[in-house]
Structure formats: C-alpha cells, structure tokens
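S.K.: Okay, here's the structure, questions in a sec.
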Amino acid sequence: MNAAPAPTEQATDPDTRLSRSVGGKLLYLFILGDVLGAGVYALVGEMAGEVGGAVWLPLLVALGLALLTAGSYAELVTKYPRAGGAAVFADRAFRSPLVSFLVGFSMLAAGVTSAAGLSLAFAGDYFATFVDAPDRLVAVLFLALVATLNARGIKESLRANVAMTAIELSGLLLIVVLAVVVLGRGDGEPGRVTQFVEGTTPAITVLGAAILAYYSFVGFETSANLAEEVRDVRRTYPRALFGALVTAGVVYVAVGVAAVAVVDPQSLAGSTGPLLEVVDAEGSVPAWVFSLVALIAVANGALLTMIMASRLAYGMAEQDLLPTALGRVLPRRRTPWVAIVVTTAVAMGLVFTGDVAGLAETVVLLLLLVFAATNVAVLVLRREKVEEPHFRVITVVPVLGVASCVLLLTQQDAVTWLRAGILLAVGAVLYVVMRFSRRSGSDRPGADGPASDRAASDGTAPDRAE
C-alpha cells in the first residue's frame with residue numbers, strides 16, 4: 001500500500017461549495033471520536049452476555065475485519081474525494097441508478113438509525129444518575145441539541161469533537177487504571193478474561209459478539225463524507241483513518257480486559273451503563289463523574305454520526321439521488337441545513353422503534369451491505385485511471401473485505417433482517433417516486449439537465465443558499 005504526496009488544497013476550493021477547513025489532526029480526532037463512542041460505553045455489557053469473559057476477542061476480530069474495508073475506503077476516498085461516500089463510489093462502479101441509490105440510502109438509513117440508538121444510550125442509566133426522566137423524551141431533546149451544533153459549521157463541530165474525544169478517551173483509560181487498582185488490592189478475577197459462556201462453542205459465540213463489536217468500529221465510514229472538507233485529502237485521509245482505527249482497537253481491548261477482570265460478565269450484561277459497574281467496584285470515583293464522561297462520549301458519537309448523515313444526504317442530492325432541496329446550504333455557515341433538519345427528524349422517529357442493541361444490529365447489517373458494495377467497487381474501478389496520485393490498497397484486501405461482510409451477514413437474526421428489509425423497502429419506494437418525479441420534470445422546458453444546471457438556470461446557483 002502506498003500514497004503519493006498531493007498538492008496542498010486551499011480552504012476555498014472551486015471544486016466544492018463546502019469549506020475545506022479540516023486538517024489531519026482534526027480528521028484523526030473526528031474518526032477516533034466517532035469510533036470511541038457507544039461501542040464500549042453502552043454495548044460491552046451486551047458482548048459480555050454473549051461471549052463471557054473473553055470480551056476482548058470479538059473486539060480484536062472486529063478490528064481486523066474493519067481494517068479490511070477501511071483499506072478500500074482509503075483508496076476510493078483519495079481517488080474520488082467527494083461528499084457522498086459509498087453512494088458516489090457505487091455510482092461510478094456499477095453505473096446503475098438503483099444500485100447507487102440503495103447503497104447510499106442504506107448508509108443514510110444506518111446513520112440515522114445509529115444516531116437514534118446513541119440517543120437512547122444517552123438517555124439510559126448514565127443520564128439517570130443525574131435526572132430521572134422519560135428516556136424517549138430525553139433522546140429527542142438530545143437529538144435537537146446535536147442538530148443545532150451540526151448546523152453551526154463543520155469546524156465548530158469538530159472543535160467540539162476534539163474536547164469530547166479527549167474526555168471520552170480519558171474515561172476509558174480511567175477504567176483501565178481503576179481495574180489495576182482493584183486487582184492490586186486482591187479483588188477481581190483476572191482469569192475471567194479467557195472464559196466463555198458455559199455450554200457454547202467459542203468460535204460461534206465470538207463471531208456472534210463480533211457483530212456488536214463491529215458496530216464499535218464502523219465510524220470510519222463517516223469520515224468518507226468529509227472528503228470535500230479535508231485539506232490535502234489524498235495524503236491526510238489514509239494516515240488519519242488507519243491511525244484512528246488502531247488507536248481505538250488498542251483502547252477497546254484494554255477496556256474489555258479491565259471490565260471483565262473486575263466485574264462478573266453477567267453483571268455487565270445486566271446494565272445499560274456497564275462501565276459504571278467497574279467504577280462502583282473500585283469505589284473511590286463518584287458515579288456521577290464517570291456518568292458525565294460516558295454521556296459526553298455517547299454525545300460525541302451522535303454528533304459525528306449526524307454530521308455524516310447530513311453530508312451524505314447533501315452528497316446524494318448533488319448526485320440527483322435525493323431531492324435537490326437537501327443540497328441547500330446556509331450562506332454564511334456553509335452547512336447543509338435542510339439535510340440536517342430532515343435527518344434529525346428521521347432519527348427522532350426511529351427513537352420510538354427499538355432499543356439500543358436492536359438498533360445497533362440493524363445498523364451493522366445495513367453497513368455490511370454498503371461495505372460489501374464498496375469493496376467490490378474498488379476492484380471494478382481499478383480500470384478507471386485518475387490524474388491525481390492516490391492511495392492504493394493491495395488487491396487481496398478488498399477481496400477479503402467482501403468475504404468478511406458475507407461472513408458477518410450470516411450471523412444476523414431474522415428480526416434484524418426484517419427491520420433492515422423494511423428500511424430498504426422504504427428506500428426502493430422513494431427511488432421510484434424520485435425517478436417518476438424526474439421523468440415528469442424532464443417534460444417541462446428548462447428541466448432536462450442535472451440538478452446543478454437547473455439551479456443555475458433559475459438563479460439559485462451556486463450556493464442553493466437561503
């Protein structure tokens with residue numbers, strides 16, 4: 001794998017209407033902050049319930065599988081640095097409007113579903129440490145606050161991410177330190193880290209738990225939708241991507257070992273705030289302190305997920321895959337405000353459709369379909385050359401990436417397939433409606449060009465700003 005240097009891009013780039021203001025450090029922290037979200041803070045208990053004390057093993061497996069698909073994203077993002085991520089790649093590779101739409105819609109559905117799950121995680125046991133309030137109401141109000149910050153601007157959002165990432169990373173490291181203290185005074189059982197749930201086959205349970213663990217790493221795809229806002233993207237993106245994933249993997253494994261060494265896996269499985277159990281076992285740190293850290297961690301993941309969803313909706317609108325209104329940006333902030341409002345409203349609705357684990361599994365299934373398509377797209381697009389130098393992954397990586405997606409898809413249960421199937425069916429209906437609308441519009445004078453051309457003809461270009 002290699003990447004050749006590319007000329008530095010300016011903050012104002014004539015090839016994009018978005019602000020190119022994200023540097024390498026901000027991008028690294030963006031990815032790290034998204035990955036270090038609910039995966040450990042909210043779902044480590046679910047994983048412990050499935051696999052037992054060897055929680056670190058599915059986390060390690062999930063990291064390896066995620067790195068395969070991350071290699072494909074590194075190549076495609078640096079080859080085609082445009083907002084829209086997987087939808088843009090599918091459009092170039094498969095030349096099928098339906099496939100492109102469904103890939104992009106799957107990613108979009110996964111994003112808003114993930115945000116809904118994270119909002120419920122925010123409203124769970126960690127929030128209850130401070131205020132006893134209806135969790136659905138708290139989740140909806142929380143999403144509204146996230147939307148407000150998202151609309152202020154990408155640079156402001158990522159600056160907030162820097163602070164929140166530092167806090168959530170500190171919280172995870174605190175868990176490791178507290179575990180060392182507990183074990184040092186003779187409490188806990190370090191031998192649990194090699195134990196599996198009795199009566200189960202370790203390989204099967206690890207693979208099943210790896211589905212939830214995979215959810216802990218999928219934040220890397222979010223960064224693909226910032227391609228138009230990253231400076232020197234062809235050099236910066238691969239470094240930030242792989243660096244953040246490896247950092248997150250090391251932290252996750254350490255926390256997984258620490259948690260089960262201190263607290264019985266079944267106790268972890270029975271809590272929606274599993275790491276709070278570790279804090280209580282140590283005893284010197286007030287529960288409210290760590291609960292606050294956990295809330296910041298989950299909030300950070302939700303913010304970054306909604307940034308992705310809104311940028312993806314914007315990118316699909318630019319490709320005429322969604323209504324062009326979603327491409328409107330604020331004139332001063334240069335943020336896609338219509339996309340932010342719509343994706344937030346959908347996430348609010350999804351809050352009332354399931355619990356954290358169920359929504360997380362649905363997210364993983366949808367993303368596995370997207371990742372499979374992206375890995376195939378890498379191979380298909382090898383025949384298409386671009387002038388600019390870009391990152392190139394060795395061919396076996398996307399091949400293994402496809403195989404890993406298929407493997408994890410076989411582990412999904414029928415309920416998850418049903419939930420995801422309903423979402424995809426909604427997408428198919430929306431595609432038909434959009435196609436009919438475009439066909440009807442093309443019969444009117446001046447409405448036969450792409451969205452950007454139509455906008456230019458009616459005076460709304462270049463910003464679609466309001």
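All residue names refer to the structure tokens as shown: chains lettered A, B, ... in order, residues numbered from 1 in each chain, ligands numbered from 1 in order.
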Excluding range 93-104 of chain A and any residue of its chain fewer than 2 positions from it, enumerate the residues within 10 Å of it, using only C-alpha atoms, and give them as a PyMOL selection string.
M.R.: chain A and resi 84-91+106-110+312-313+315-316+319-322+366-367+369-374+376-384+424-425+427-428+430-432+435
S.K.: Can you tell me, as a list in words, what residues are no more than 10 Å from Thr148 in chain A when counting only C-alpha atoms, ignoring any on the same chain fewer than 6 positions away?
M.R.: Ser157, Leu303, Trp337, Ile340 and Val341 of chain A
S.K.: Show which residues sit within 7 Å of Gly111 in chain A, as an mmCIF file with C-alpha atoms, in the first residue's frame. Count only C-alpha atoms, and ignore same-chain residues fewer than 4 positions away.
M.R.:
```cif
data_model
loop_
_atom_site.group_PDB
_atom_site.id
_atom_site.type_symbol
_atom_site.label_atom_id
_atom_site.label_comp_id
_atom_site.auth_asym_id
_atom_site.auth_seq_id
_atom_site.Cartn_x
_atom_site.Cartn_y
_atom_site.Cartn_z
ATOM 1 C CA MET A 107 -25.703 4.218 4.507
ATOM 2 C CA ALA A 115 -27.989 8.249 15.938
ATOM 3 C CA THR A 305 -22.908 10.324 13.087
ATOM 4 C CA MET A 306 -25.349 13.125 12.323
ATOM 5 C CA ALA A 309 -25.823 11.568 7.709
#
```
S.K.: Between A:Ser437, A:Leu365, A:Arg392, A:Thr344, which has the minimum distance to Thr416 in chain A (counting only C-alpha atoms)?
M.R.: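 The answer is A:Leu365, which sits nearest to Thr416 in chain A.
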S.K.: So that I can check the surroundings of range 126-132 of chain A, please list as a list in words every protein, DNA and RNA residue that reaches within 7 Å of it, counting only C-alpha atoms and ignoring chain neighbours fewer than 6 positions away.
M.R.: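 Contacts, with the query itself left out: Gly273, Trp288, Ser291, Ala294 and Leu295 of chain A.
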S.K.: Got time to write the residues from that selection, N, CA, C and O atoms, as a PDB file, in the first residue's frame?
M.R.:
```pdb
ATOM      1  N   GLY A 273     -25.393   0.730  31.526  1.00  0.00           N
ATOM      2  CA  GLY A 273     -24.193   1.537  31.774  1.00  0.00           C
ATOM      3  C   GLY A 273     -23.112   0.638  32.346  1.00  0.00           C
ATOM      4  O   GLY A 273     -22.712   0.801  33.508  1.00  0.00           O
ATOM      5  N   TRP A 288     -21.302   9.879  39.523  1.00  0.00           N
ATOM      6  CA  TRP A 288     -21.739  10.961  38.637  1.00  0.00           C
ATOM      7  C   TRP A 288     -20.616  11.452  37.743  1.00  0.00           C
ATOM      8  O   TRP A 288     -20.851  11.910  36.620  1.00  0.00           O
ATOM      9  N   SER A 291     -20.349   8.961  34.918  1.00  0.00           N
ATOM     10  CA  SER A 291     -21.574   9.058  34.120  1.00  0.00           C
ATOM     11  C   SER A 291     -21.521  10.265  33.192  1.00  0.00           C
ATOM     12  O   SER A 291     -21.943  10.196  32.027  1.00  0.00           O
ATOM     13  N   ALA A 294     -19.263   9.390  30.329  1.00  0.00           N
ATOM     14  CA  ALA A 294     -19.944   8.489  29.409  1.00  0.00           C
ATOM     15  C   ALA A 294     -20.958   9.228  28.552  1.00  0.00           C
ATOM     16  O   ALA A 294     -21.088   8.958  27.349  1.00  0.00           O
ATOM     17  N   LEU A 295     -21.682  10.163  29.142  1.00  0.00           N
ATOM     18  CA  LEU A 295     -22.653  10.945  28.382  1.00  0.00           C
ATOM     19  C   LEU A 295     -21.962  11.773  27.302  1.00  0.00           C
ATOM     20  O   LEU A 295     -22.463  11.893  26.166  1.00  0.00           O
TER      21      LEU A 295
END
```
S.K.: Of the candidates A:Val180, A:Ser216, A:Ser440, A:Leu145, which shows the shortest atom-to-atom distance to Gly301 in chain A, using only C-alpha atoms?
M.R.: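 Ranking A:Val180, A:Ser216, A:Ser440, A:Leu145 by distance to Gly301 in chain A, first place goes to A:Ser216.
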S.K.: Range 109-207 of chain A: which residues are alpha helix (DSSP H) by DSSP, as a ChimeraX atom specification?
M.R.: /A:109-122,125-128,135-152,154-184,202-207
S.K.: Restricting the calculation to only C-alpha atoms, which member of A:Phe290, A:Phe242, A:Phe352, A:Trp417 is positioned closest to Asp125 in chain A?
M.R.: A:Phe290
S.K.: Between A:Val329, A:Val206, A:Leu359, A:Val386, which has the minimum distance to Tyr80 in chain A (counting only C-alpha atoms)?
M.R.: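 Of the candidates, the smallest distance to Tyr80 in chain A is held by A:Val386.
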S.K.: For the structure I just gave you, how does DSSP split range 2-202 of chain A - specifically, which residues are strand (DSSP E or B)? Reply as a ChimeraX atom specification.
M.R.: /A:2,22,52,196
S.K.: Taking only C-alpha atoms into account, name the residue in A:Gly354, A:Val363, A:Leu43, A:Val262 that is nearest to Gly186 in chain A.
M.R.: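 The shortest atom-to-atom distance to Gly186 in chain A comes from A:Val262.
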S.K.: Using only C-alpha atoms, which of A:Leu118, A:Leu226, A:Leu241, A:Ala62 sits nearest Tyr28 in chain A?
M.R.: A:Leu241
S.K.: Can you pull out every residue within 10 Å of Ala203 in chain A, counting only C-alpha atoms, but drop anything in the same chain fewer than 3 positions away, and send it as a list in words?
M.R.: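 The filter keeps Val51, Pro58, Thr200, Val206, Leu207 and Gly208 of chain A.
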S.K.: Atoms to include: N, CA and C atoms. Write the selected residues as a CSV table (one decimal), in the first residue's frame.
M.R.:
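Once everything was written out, this is part34.csv:
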```
chain,number,residue,atom,x,y,z
A,51,VAL,N,-20.5,-13.6,24.9
A,51,VAL,CA,-19.3,-14.4,24.8
A,51,VAL,C,-18.7,-14.7,26.2
A,58,PRO,N,-13.8,-10.8,20.5
A,58,PRO,CA,-14.6,-10.2,19.4
A,58,PRO,C,-14.2,-8.8,19.0
A,200,THR,N,-21.4,-23.2,25.3
A,200,THR,CA,-21.4,-22.6,24.0
A,200,THR,C,-20.1,-23.0,23.2
A,206,VAL,N,-18.0,-16.0,19.6
A,206,VAL,CA,-17.1,-14.8,19.3
A,206,VAL,C,-17.6,-14.2,18.0
A,207,LEU,N,-18.0,-15.0,17.0
A,207,LEU,CA,-18.4,-14.4,15.7
A,207,LEU,C,-19.7,-13.6,16.0
A,208,GLY,N,-20.6,-14.2,16.8
A,208,GLY,CA,-21.9,-13.5,17.1
A,208,GLY,C,-21.6,-12.2,17.8
```
S.K.: Find the spatial neighbours of range 68-73 of chain A, counting only C-alpha atoms, within a cut-off of 6 Å - ignore same-chain residues fewer than 4 positions away - and output them as a ChimeraX atom specification.
M.R.: /A:77,375,397-398,401
S.K.: Go ahead and save the residues from that selection, with C-alpha atoms, as an mmCIF file, in the first residue's frame.
M.R.:
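Written output follows (selection00.cif):
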```cif
data_model
loop_
_atom_site.group_PDB
_atom_site.id
_atom_site.type_symbol
_atom_site.label_atom_id
_atom_site.label_comp_id
_atom_site.auth_asym_id
_atom_site.auth_seq_id
_atom_site.Cartn_x
_atom_site.Cartn_y
_atom_site.Cartn_z
ATOM 1 C CA VAL A 77 -11.812 8.462 -0.925
ATOM 2 C CA ASN A 375 -15.132 -3.484 -1.584
ATOM 3 C CA VAL A 397 -7.657 -6.637 0.857
ATOM 4 C CA PRO A 398 -10.971 -5.765 -0.868
ATOM 5 C CA GLY A 401 -13.287 -7.388 2.780
#
```
S.K.: Compile the contact shell of Val193 in chain A as a PyMOL selection string: residues with an atom at most 7 Å away, counting only C-alpha atoms, same-chain residues fewer than 2 positions apart removed.
M.R.: chain A and resi 53-54+190-191+195+257+260-261
S.K.: Please produce a file of those selected residues containing all heavy atoms, as a PDB file, in the first residue's frame.
M.R.:
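Dumped to selection_25.pdb:
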```pdb
ATOM      1  N   GLY A  53     -16.301 -13.859  29.510  1.00  0.00           N
ATOM      2  CA  GLY A  53     -15.180 -13.003  29.921  1.00  0.00           C
ATOM      3  C   GLY A  53     -14.238 -12.607  28.803  1.00  0.00           C
ATOM      4  O   GLY A  53     -13.516 -11.618  28.922  1.00  0.00           O
ATOM      5  N   ALA A  54     -14.236 -13.325  27.695  1.00  0.00           N
ATOM      6  CA  ALA A  54     -13.300 -13.044  26.597  1.00  0.00           C
ATOM      7  C   ALA A  54     -13.836 -11.946  25.688  1.00  0.00           C
ATOM      8  O   ALA A  54     -13.817 -12.075  24.449  1.00  0.00           O
ATOM      9  CB  ALA A  54     -13.019 -14.315  25.812  1.00  0.00           C
ATOM     10  N   PRO A 190      -8.858 -11.913  37.362  1.00  0.00           N
ATOM     11  CA  PRO A 190      -8.263 -11.762  36.027  1.00  0.00           C
ATOM     12  C   PRO A 190      -8.414 -13.006  35.162  1.00  0.00           C
ATOM     13  O   PRO A 190      -8.373 -12.909  33.929  1.00  0.00           O
ATOM     14  CB  PRO A 190      -6.787 -11.458  36.330  1.00  0.00           C
ATOM     15  CG  PRO A 190      -6.568 -11.911  37.737  1.00  0.00           C
ATOM     16  CD  PRO A 190      -7.862 -11.716  38.430  1.00  0.00           C
ATOM     17  N   GLY A 191      -8.614 -14.170  35.771  1.00  0.00           N
ATOM     18  CA  GLY A 191      -8.763 -15.389  34.990  1.00  0.00           C
ATOM     19  C   GLY A 191     -10.013 -15.413  34.129  1.00  0.00           C
ATOM     20  O   GLY A 191     -10.117 -16.219  33.191  1.00  0.00           O
ATOM     21  N   GLN A 195     -12.364 -16.907  29.778  1.00  0.00           N
ATOM     22  CA  GLN A 195     -13.513 -17.790  29.944  1.00  0.00           C
ATOM     23  C   GLN A 195     -14.654 -17.410  29.003  1.00  0.00           C
ATOM     24  O   GLN A 195     -14.887 -16.231  28.737  1.00  0.00           O
ATOM     25  CB  GLN A 195     -14.008 -17.737  31.392  1.00  0.00           C
ATOM     26  CG  GLN A 195     -12.989 -18.251  32.406  1.00  0.00           C
ATOM     27  CD  GLN A 195     -13.445 -18.068  33.840  1.00  0.00           C
ATOM     28  OE1 GLN A 195     -14.512 -17.497  34.094  1.00  0.00           O
ATOM     29  NE2 GLN A 195     -12.653 -18.542  34.784  1.00  0.00           N
ATOM     30  N   VAL A 257     -10.638  -6.134  28.639  1.00  0.00           N
ATOM     31  CA  VAL A 257      -9.936  -6.956  29.624  1.00  0.00           C
ATOM     32  C   VAL A 257     -10.168  -6.413  31.029  1.00  0.00           C
ATOM     33  O   VAL A 257     -10.450  -7.171  31.974  1.00  0.00           O
ATOM     34  CB  VAL A 257      -8.425  -6.997  29.300  1.00  0.00           C
ATOM     35  CG1 VAL A 257      -7.641  -7.625  30.447  1.00  0.00           C
ATOM     36  CG2 VAL A 257      -8.181  -7.764  28.004  1.00  0.00           C
ATOM     37  N   VAL A 260     -13.999  -7.072  32.514  1.00  0.00           N
ATOM     38  CA  VAL A 260     -14.366  -8.421  32.958  1.00  0.00           C
ATOM     39  C   VAL A 260     -13.448  -8.924  34.067  1.00  0.00           C
ATOM     40  O   VAL A 260     -13.831  -9.826  34.823  1.00  0.00           O
ATOM     41  CB  VAL A 260     -14.369  -9.418  31.772  1.00  0.00           C
ATOM     42  CG1 VAL A 260     -15.423  -9.036  30.755  1.00  0.00           C
ATOM     43  CG2 VAL A 260     -12.996  -9.508  31.122  1.00  0.00           C
ATOM     44  N   ALA A 261     -12.253  -8.365  34.178  1.00  0.00           N
ATOM     45  CA  ALA A 261     -11.376  -8.762  35.268  1.00  0.00           C
ATOM     46  C   ALA A 261     -11.896  -8.258  36.607  1.00  0.00           C
ATOM     47  O   ALA A 261     -11.650  -8.867  37.653  1.00  0.00           O
ATOM     48  CB  ALA A 261      -9.954  -8.239  35.025  1.00  0.00           C
TER      49      ALA A 261
END
```
S.K.: What does the distance from CA of Val346 in chain A to CA of Ala360 in chain A come to in Å, to one decimal?
M.R.: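 CA of Val346 in chain A sits 16.1 Å away from CA of Ala360 in chain A.
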S.K.: What does the structure give for the distance between CA of Pro265 in chain A and CA of Leu418 in chain A, in Å to one decimal?
M.R.: 29.6 Å
